[in-house]
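Colleague: Have a peek at query-v6.txt (compact mmCIF, N, CA and C atoms).
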```
# COMPACT_ATOMS: atom_id res chain seq x y z
N MET A 1 80.36 109.44 84.82
CA MET A 1 81.53 109.16 85.63
C MET A 1 81.36 109.82 87.00
N LEU A 2 81.90 109.17 88.00
CA LEU A 2 81.86 109.69 89.37
C LEU A 2 82.72 110.93 89.51
N GLY A 3 82.39 111.76 90.46
CA GLY A 3 83.26 112.85 90.87
C GLY A 3 84.23 112.34 91.93
N GLU A 4 85.22 113.15 92.23
CA GLU A 4 86.25 112.75 93.20
C GLU A 4 85.64 112.44 94.58
N PHE A 5 84.78 113.32 95.08
CA PHE A 5 84.20 113.12 96.41
C PHE A 5 83.28 111.90 96.41
N GLU A 6 82.54 111.70 95.33
CA GLU A 6 81.69 110.51 95.23
C GLU A 6 82.54 109.25 95.32
N TYR A 7 83.66 109.25 94.62
CA TYR A 7 84.56 108.09 94.66
C TYR A 7 85.09 107.87 96.07
N LEU A 8 85.53 108.94 96.73
CA LEU A 8 86.05 108.82 98.09
C LEU A 8 84.99 108.24 99.02
N LEU A 9 83.75 108.69 98.88
CA LEU A 9 82.68 108.21 99.73
C LEU A 9 82.41 106.72 99.49
N ILE A 10 82.35 106.32 98.24
CA ILE A 10 82.12 104.90 97.92
C ILE A 10 83.28 104.05 98.43
N ALA A 11 84.50 104.50 98.19
CA ALA A 11 85.67 103.74 98.63
C ALA A 11 85.68 103.59 100.15
N ALA A 12 85.35 104.66 100.86
CA ALA A 12 85.31 104.61 102.33
C ALA A 12 84.23 103.63 102.80
N ALA A 13 83.08 103.66 102.15
CA ALA A 13 81.98 102.75 102.53
C ALA A 13 82.37 101.30 102.29
N VAL A 14 83.03 101.02 101.19
CA VAL A 14 83.48 99.65 100.90
C VAL A 14 84.51 99.22 101.93
N ARG A 15 85.45 100.10 102.24
CA ARG A 15 86.48 99.76 103.22
C ARG A 15 85.87 99.46 104.59
N LEU A 16 84.86 100.22 104.98
CA LEU A 16 84.23 100.04 106.28
C LEU A 16 83.29 98.83 106.33
N GLY A 17 82.82 98.39 105.19
CA GLY A 17 81.96 97.20 105.14
C GLY A 17 80.69 97.37 105.95
N GLU A 18 80.42 96.42 106.84
CA GLU A 18 79.19 96.45 107.64
C GLU A 18 79.16 97.59 108.66
N ASP A 19 80.30 98.24 108.87
CA ASP A 19 80.38 99.36 109.80
C ASP A 19 80.25 100.71 109.09
N ALA A 20 79.79 100.69 107.82
CA ALA A 20 79.68 101.93 107.04
C ALA A 20 78.41 102.68 107.41
N TYR A 21 78.60 103.85 108.00
CA TYR A 21 77.49 104.76 108.28
C TYR A 21 78.05 106.17 108.20
N GLY A 22 77.18 107.16 108.18
CA GLY A 22 77.60 108.54 107.93
C GLY A 22 78.83 109.01 108.66
N ALA A 23 78.80 108.98 110.00
CA ALA A 23 79.92 109.51 110.78
C ALA A 23 81.21 108.72 110.55
N ALA A 24 81.12 107.40 110.42
CA ALA A 24 82.32 106.57 110.20
C ALA A 24 82.91 106.86 108.82
N ILE A 25 82.06 107.06 107.82
CA ILE A 25 82.54 107.39 106.47
C ILE A 25 83.24 108.74 106.51
N ARG A 26 82.66 109.70 107.22
CA ARG A 26 83.28 111.02 107.36
C ARG A 26 84.67 110.89 107.98
N GLN A 27 84.80 110.14 109.06
CA GLN A 27 86.11 109.93 109.71
C GLN A 27 87.10 109.29 108.75
N GLU A 28 86.65 108.31 107.99
CA GLU A 28 87.52 107.61 107.03
C GLU A 28 88.04 108.58 105.97
N ILE A 29 87.15 109.41 105.43
CA ILE A 29 87.55 110.37 104.40
C ILE A 29 88.51 111.40 104.99
N GLU A 30 88.19 111.95 106.15
CA GLU A 30 89.07 112.94 106.77
C GLU A 30 90.42 112.36 107.14
N GLY A 31 90.44 111.14 107.65
CA GLY A 31 91.69 110.49 108.02
C GLY A 31 92.57 110.18 106.82
N THR A 32 91.94 109.85 105.73
CA THR A 32 92.69 109.48 104.53
C THR A 32 93.18 110.71 103.76
N THR A 33 92.30 111.69 103.59
CA THR A 33 92.65 112.86 102.77
C THR A 33 93.30 113.99 103.56
N LYS A 34 93.16 113.95 104.90
CA LYS A 34 93.65 115.03 105.77
C LYS A 34 92.94 116.35 105.48
N HIS A 35 91.71 116.26 104.93
CA HIS A 35 90.87 117.43 104.68
C HIS A 35 89.55 117.26 105.41
N ARG A 36 88.98 118.37 105.84
CA ARG A 36 87.69 118.35 106.52
C ARG A 36 86.59 117.94 105.55
N CYS A 37 85.64 117.20 106.07
CA CYS A 37 84.49 116.73 105.29
C CYS A 37 83.23 117.16 106.03
N SER A 38 82.47 118.07 105.45
CA SER A 38 81.27 118.55 106.14
C SER A 38 80.18 117.49 106.08
N LEU A 39 79.38 117.42 107.14
CA LEU A 39 78.27 116.47 107.16
C LEU A 39 77.25 116.80 106.08
N GLY A 40 77.06 118.09 105.81
CA GLY A 40 76.12 118.49 104.75
C GLY A 40 76.53 117.93 103.41
N ALA A 41 77.81 118.08 103.06
CA ALA A 41 78.31 117.54 101.79
C ALA A 41 78.20 116.03 101.76
N LEU A 42 78.51 115.39 102.89
CA LEU A 42 78.46 113.94 102.96
C LEU A 42 77.04 113.43 102.71
N TYR A 43 76.06 113.97 103.44
CA TYR A 43 74.69 113.47 103.31
C TYR A 43 74.04 113.86 101.99
N THR A 44 74.40 115.01 101.44
CA THR A 44 73.92 115.39 100.11
C THR A 44 74.44 114.41 99.07
N THR A 45 75.71 114.03 99.20
CA THR A 45 76.32 113.09 98.26
C THR A 45 75.74 111.69 98.45
N LEU A 46 75.50 111.28 99.69
CA LEU A 46 74.83 109.99 99.93
C LEU A 46 73.49 109.95 99.22
N ASP A 47 72.70 111.02 99.36
CA ASP A 47 71.39 111.07 98.70
C ASP A 47 71.52 110.96 97.19
N ARG A 48 72.49 111.69 96.61
CA ARG A 48 72.69 111.67 95.17
C ARG A 48 73.11 110.29 94.68
N LEU A 49 74.05 109.65 95.40
CA LEU A 49 74.52 108.32 95.01
C LEU A 49 73.41 107.28 95.15
N GLU A 50 72.57 107.45 96.16
CA GLU A 50 71.45 106.53 96.33
C GLU A 50 70.44 106.70 95.19
N ALA A 51 70.17 107.96 94.80
CA ALA A 51 69.25 108.22 93.69
C ALA A 51 69.77 107.63 92.38
N LYS A 52 71.09 107.58 92.22
CA LYS A 52 71.71 106.99 91.03
C LYS A 52 71.77 105.46 91.10
N GLY A 53 71.41 104.89 92.25
CA GLY A 53 71.45 103.44 92.40
C GLY A 53 72.83 102.90 92.70
N LEU A 54 73.75 103.77 93.14
CA LEU A 54 75.12 103.35 93.40
C LEU A 54 75.34 102.87 94.83
N LEU A 55 74.41 103.22 95.70
CA LEU A 55 74.44 102.70 97.06
C LEU A 55 73.04 102.67 97.63
N GLU A 56 72.90 101.96 98.75
CA GLU A 56 71.63 101.87 99.46
C GLU A 56 71.87 102.34 100.88
N THR A 57 70.88 103.01 101.46
CA THR A 57 70.98 103.40 102.86
C THR A 57 69.72 102.97 103.59
N TRP A 58 69.86 102.79 104.89
CA TRP A 58 68.73 102.47 105.76
C TRP A 58 69.11 102.91 107.17
N MET A 59 68.09 103.07 107.98
CA MET A 59 68.33 103.49 109.36
C MET A 59 68.59 102.26 110.22
N GLY A 60 69.74 102.26 110.90
CA GLY A 60 70.09 101.19 111.82
C GLY A 60 69.41 101.40 113.16
N GLU A 61 69.79 100.59 114.11
CA GLU A 61 69.23 100.69 115.46
C GLU A 61 69.78 101.92 116.19
N ALA A 62 68.97 102.48 117.06
CA ALA A 62 69.43 103.56 117.93
C ALA A 62 70.38 102.96 118.96
N THR A 63 71.42 103.70 119.30
CA THR A 63 72.40 103.19 120.26
C THR A 63 72.58 104.18 121.40
N PRO A 64 72.83 103.68 122.61
CA PRO A 64 73.07 104.58 123.75
C PRO A 64 74.29 105.47 123.54
N GLN A 65 75.32 104.95 122.84
CA GLN A 65 76.55 105.72 122.60
C GLN A 65 76.25 106.97 121.77
N ARG A 66 75.18 106.93 121.00
CA ARG A 66 74.81 108.06 120.13
C ARG A 66 73.63 108.83 120.71
N GLY A 67 73.41 108.70 122.01
CA GLY A 67 72.32 109.42 122.66
C GLY A 67 70.95 108.97 122.18
N GLY A 68 70.84 107.70 121.80
CA GLY A 68 69.56 107.16 121.34
C GLY A 68 69.26 107.42 119.88
N ARG A 69 70.22 108.01 119.16
CA ARG A 69 70.01 108.27 117.73
C ARG A 69 70.40 107.06 116.91
N ALA A 70 69.69 106.86 115.80
CA ALA A 70 69.99 105.76 114.88
C ALA A 70 71.08 106.18 113.90
N LYS A 71 71.80 105.20 113.39
CA LYS A 71 72.83 105.43 112.37
C LYS A 71 72.21 105.25 110.98
N ARG A 72 72.63 106.07 110.02
CA ARG A 72 72.24 105.87 108.63
C ARG A 72 73.29 104.96 108.01
N MET A 73 72.93 103.70 107.86
CA MET A 73 73.85 102.69 107.36
C MET A 73 73.94 102.78 105.84
N VAL A 74 75.09 102.35 105.30
CA VAL A 74 75.36 102.47 103.86
C VAL A 74 75.90 101.16 103.32
N ARG A 75 75.38 100.75 102.17
CA ARG A 75 75.90 99.59 101.45
C ARG A 75 76.05 99.98 99.99
N VAL A 76 77.22 99.74 99.42
CA VAL A 76 77.48 100.03 98.02
C VAL A 76 76.90 98.90 97.17
N THR A 77 76.20 99.28 96.10
CA THR A 77 75.59 98.30 95.21
C THR A 77 76.61 97.82 94.16
N ALA A 78 76.24 96.79 93.42
CA ALA A 78 77.10 96.31 92.33
C ALA A 78 77.33 97.43 91.31
N LYS A 79 76.30 98.21 91.04
CA LYS A 79 76.44 99.35 90.12
C LYS A 79 77.43 100.37 90.67
N GLY A 80 77.43 100.57 91.98
CA GLY A 80 78.38 101.49 92.61
C GLY A 80 79.80 100.99 92.51
N ILE A 81 79.97 99.68 92.69
CA ILE A 81 81.31 99.08 92.55
C ILE A 81 81.81 99.26 91.11
N GLN A 82 80.94 99.06 90.15
CA GLN A 82 81.32 99.24 88.74
C GLN A 82 81.72 100.68 88.46
N ALA A 83 80.94 101.64 88.98
CA ALA A 83 81.25 103.05 88.75
C ALA A 83 82.57 103.44 89.40
N ALA A 84 82.81 102.97 90.62
CA ALA A 84 84.06 103.29 91.32
C ALA A 84 85.25 102.65 90.60
N THR A 85 85.07 101.43 90.12
CA THR A 85 86.14 100.76 89.38
C THR A 85 86.46 101.51 88.10
N ALA A 86 85.43 101.97 87.38
CA ALA A 86 85.65 102.73 86.15
C ALA A 86 86.38 104.04 86.44
N PHE A 87 86.02 104.71 87.52
CA PHE A 87 86.69 105.96 87.90
C PHE A 87 88.16 105.69 88.20
N TYR A 88 88.42 104.69 89.04
CA TYR A 88 89.79 104.35 89.42
C TYR A 88 90.62 103.98 88.18
N ASP A 89 90.04 103.18 87.30
CA ASP A 89 90.76 102.78 86.08
C ASP A 89 91.08 103.98 85.20
N ALA A 90 90.13 104.93 85.09
CA ALA A 90 90.36 106.12 84.27
C ALA A 90 91.48 106.97 84.85
N VAL A 91 91.48 107.17 86.17
CA VAL A 91 92.54 107.95 86.81
C VAL A 91 93.89 107.26 86.63
N THR A 92 93.90 105.95 86.77
CA THR A 92 95.14 105.20 86.59
C THR A 92 95.66 105.33 85.16
N ARG A 93 94.76 105.21 84.18
CA ARG A 93 95.18 105.31 82.77
C ARG A 93 95.71 106.70 82.44
N VAL A 94 95.00 107.74 82.86
CA VAL A 94 95.41 109.10 82.53
C VAL A 94 96.69 109.49 83.27
N SER A 95 96.99 108.83 84.38
CA SER A 95 98.19 109.13 85.15
C SER A 95 99.41 108.35 84.69
N ARG A 96 99.21 107.34 83.87
CA ARG A 96 100.32 106.51 83.41
C ARG A 96 101.37 107.37 82.71
N GLY A 97 102.59 107.26 83.14
CA GLY A 97 103.69 107.98 82.52
C GLY A 97 103.88 109.40 83.03
N VAL A 98 103.04 109.84 83.93
CA VAL A 98 103.17 111.19 84.48
C VAL A 98 104.12 111.15 85.67
N SER A 99 105.08 112.06 85.67
CA SER A 99 105.99 112.18 86.79
C SER A 99 105.68 113.48 87.51
N TRP A 100 105.03 113.39 88.66
CA TRP A 100 104.69 114.59 89.41
C TRP A 100 105.93 115.29 89.95
N GLU A 101 106.95 114.55 90.23
CA GLU A 101 108.21 115.12 90.73
C GLU A 101 108.79 116.08 89.69
N ALA A 102 108.76 115.69 88.42
CA ALA A 102 109.31 116.52 87.35
C ALA A 102 108.50 117.79 87.16
N GLN A 103 107.22 117.79 87.56
CA GLN A 103 106.34 118.95 87.35
C GLN A 103 106.37 119.91 88.53
N ARG A 104 107.09 119.60 89.56
CA ARG A 104 107.06 120.37 90.81
C ARG A 104 107.36 121.85 90.59
N GLY A 105 108.32 122.20 89.76
CA GLY A 105 108.71 123.60 89.58
C GLY A 105 107.91 124.31 88.50
N VAL A 106 107.03 123.62 87.81
CA VAL A 106 106.27 124.23 86.72
C VAL A 106 105.07 124.96 87.28
N VAL A 107 104.98 126.24 86.96
CA VAL A 107 103.82 127.04 87.38
C VAL A 107 103.13 127.55 86.13
N ARG A 108 101.84 127.31 86.08
CA ARG A 108 101.08 127.77 84.91
C ARG A 108 100.07 128.80 85.38
N PRO A 109 99.85 129.83 84.56
CA PRO A 109 98.89 130.89 84.94
C PRO A 109 97.46 130.38 84.97
```
Can you give me the file's structure in the form of structure tokens?
Modeller:
Amino acid sequence: MLGEFEYLLIAAAVRLGEDAYGAAIRQEIEGTTKHRCSLGALYTTLDRLEAKGLLETWMGEATPQRGGRAKRMVRVTAKGIQAATAFYDAVTRVSRGVSWEAQRGVVRP
């Protein structure tokens, strides 16, 4: 099963489609979660997901806007879509019937 950050990365890449590359995925995750996303964590996770066959990466063209640097482009594979769907379905199932509002005052050690 995917981890939370792996799921966020895959979901961001799918949402971005053909515009999915490292920096854009980072912006998408930070904008959505309102939490900082380090480039080290992002690229380490990209490598891990690629090794698992859940996504593919390649170097795009260098662009003047990036000072002549190339973008590391990302495409989610069918296996990645299946893994993300399974994660989402599991979270949805385990959350069914849970009322977070009712748990607000409960503090556990």
Colleague: Can you pull out the residues contacting region 25-41 of chain A? Cut-off 7 Å, using only C-alpha atoms, and skip same-chain residues under 6 positions away; I want them as a PyMOL selection string.
Modeller: chain A and resi 8-9+12-13
Colleague: From (75.2, 99.3, 97.3), in the file's coordinates, out to 8 Å: which residues are reached, counting only C-alpha atoms? Answer as a PyMOL selection string.
Modeller: chain A and resi 53-56+74-81
Colleague: Can you measure CA of Thr57 (chain A) to CA of Lys71 (chain A) for me? One decimal in Å is fine.
Modeller: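 CA of Thr57 (chain A) sits 9.9 Å away from CA of Lys71 (chain A).
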Colleague: Which one of A:Ala20, A:Ile10, A:Val98, A:Leu42 sits closest to Met73 (chain A) if you count all atoms listed in the file?
Modeller: A:Ala20
Colleague: Please run DSSP on the backbone and report, as a ChimeraX atom specification, all residues within chain A that come out as strand (DSSP E or B).
Modeller: /A:21,55-62,70-76
Colleague: In Å, with one decimal, what is the gap from atom C of Ala86 (chain A) to atom N of Met59 (chain A)?
Modeller: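 For atom C of Ala86 (chain A) relative to atom N of Met59 (chain A), the distance reads 28.3 Å.
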Colleague: Glu6 (chain A): which residues within 9 Å, counting only C-alpha atoms, same-chain residues fewer than 6 positions away excluded, as a compact mmCIF listing (two decimals) with N, CA and C atoms, keeping the file's coordinate frame?
Modeller:
```
# COMPACT_ATOMS: atom_id res chain seq x y z
N THR A 45 75.71 114.03 99.20
CA THR A 45 76.32 113.09 98.26
C THR A 45 75.74 111.69 98.45
N LEU A 46 75.50 111.28 99.69
CA LEU A 46 74.83 109.99 99.93
C LEU A 46 73.49 109.95 99.22
N LEU A 49 74.05 109.65 95.40
CA LEU A 49 74.52 108.32 95.01
C LEU A 49 73.41 107.28 95.15
N ALA A 84 82.81 102.97 90.62
CA ALA A 84 84.06 103.29 91.32
C ALA A 84 85.25 102.65 90.60
```
Colleague: DSSP on the backbone: which residues in chain A end up as helix (DSSP H, G or I)? Give the answer as a ChimeraX atom specification.
Modeller: /A:4-19,22-33,39-51,64-66,78-95
Colleague: As an exercise, work out the distance from atom N of Ala90 (chain A) to atom C of Ala24 (chain A) in Å and give it to one decimal place.
Modeller: 24.9 Å
Colleague: Enclose region 77-84 of chain A, meaning all of its atoms listed in the file, in a box aligned along x, y and z, pad it by 3 Å on each side, and list the centre and edge lengths in Å to one decimal, as lines of an AutoDock Vina configuration file.
Modeller:
```
center_x = 80.4
center_y = 99.9
center_z = 92.3
size_x = 15.7
size_y = 13.1
size_z = 13.6
```
Colleague: Give the answer as one residue: which of A:Glu18, A:Asp47, A:Gly60, A:Met1 has the shortest atom-to-atom distance to Asp89 (chain A), using only C-alpha atoms?
Modeller: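 The answer is A:Met1, which sits nearest to Asp89 (chain A).
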Colleague: Nearest to Gly3 (chain A) among A:Phe87, A:Trp58, A:Tyr43, A:Tyr21, with distances taken over only N, CA and C atoms: which residue is it?
Modeller: A:Phe87
